[in-house]
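*Asks:* Take a look at the following structure, please.
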Amino acid sequence: DARVGWLKTNLGLHHDEIMVGRKKFWVKADLFVDDKPVNIIEWCRDNPEGRGVLLAWPYNVEHPELPSNARRLTAEELLVQLRAGFPEWT
């Protein structure tokens, strides 16, 4: 899968650190990344202490406001924020 390959290459994640599935709001984590706004909104609602990142793509740019614990970022912006430890959210 191209998504898994990108995560491994760009973030150094291993296959056991990546989840692909439908009930994403069930995942408890510090950070959740997805390209579907409804997944980010549901996950942020159920994980108020976590951080949700909506990967910005042309098909989701027009989506309304995200929860306060979520940001819309391009893949490149996500990499910069990950390397910096998300300083704007601290």
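How things are named: the first chain in the structure tokens is A, the next is B, and so on; residues count from 1 in each chain; ligands count from 1 in the order shown.
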Report as a list in words all protein, DNA and RNA residues lying within 10 Å of Gly50 (chain A), evaluated on only C-alpha atoms, omitting residues in the same chain fewer than 6 positions from it.
*Replies:*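 Result of the neighbour search: Lys28, Ala29, Asp30, Leu31, Phe32, Trp43, Cys44, Asn69 and Ala70 of chain A.
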*Asks:* Going by DSSP on the backbone, which residues of chain A come out as strand (DSSP E or B)? List them as an MDAnalysis selection string.
*Replies:* chainID A and resid 31:34 51:55 70:73
*Asks:* If we count only C-alpha atoms and set the cut-off at 12 Å, which residues sit around Gly21 (chain A), ignoring sequence neighbours fewer than 6 positions away in its own chain? Please answer as a list in words.
*Replies:*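 Skipping anything fewer than 6 positions along the chain leaves Val27, Asp34 and Asn39 of chain A.
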*Asks:* Restricted to C-alpha atoms, what would the selected residues look like written as a PDB file, in the first residue's frame?
*Replies:*
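Full text of out17.pdb as output:
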ATOM      1  CA  VAL A  27      -7.482   3.924  18.194  1.00  0.00           C
ATOM      2  CA  ASP A  34      -5.964  10.867   8.178  1.00  0.00           C
ATOM      3  CA  ASN A  39     -12.373  10.494  10.776  1.00  0.00           C
TER       4      ASN A  39
END
*Asks:* Among chain A, which ones does DSSP place in alpha helix (DSSP H), written as a VMD selection string?
*Replies:* chain A and resid 2 to 11 37 to 46 75 to 84
*Asks:* Neighbours of Leu78 (chain A) within 10 Å (only C-alpha atoms; same-chain residues fewer than 3 positions away dropped), as an NGL selection string?
*Replies:* :A and (11 or 33 or 53-56 or 71-75 or 81-84 or 86)
*Asks:* Which of these residues is nearest to Gly5 (chain A), using only C-alpha atoms: A:Ile18, A:Val61, A:Val80, A:Ile41?
*Replies:* A:Ile18
*Asks:* State, in Å with one decimal place, the distance from CA of Pro64 (chain A) to CA of Pro37 (chain A).
*Replies:*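 Between CA of Pro64 (chain A) and CA of Pro37 (chain A) the gap is 8.9 Å.
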*Asks:* Measuring between only C-alpha atoms, which one of A:Glu88, A:His63, A:Asp46, A:Trp57 shows the shortest distance to Glu76 (chain A)?
*Replies:* A:Trp57
*Asks:* Quick one: pull the distance between CA of Leu7 (chain A) and CA of Val20 (chain A), Å, one decimal.
*Replies:*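 According to the coordinates, CA of Leu7 (chain A) and CA of Val20 (chain A) are separated by 11.8 Å.
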*Asks:* For CA of Leu13 (chain A) and CA of Gly52 (chain A), determine how far apart the two atoms are, in Å to one decimal place.
*Replies:*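 CA of Gly52 (chain A) lies 17.6 Å from CA of Leu13 (chain A).
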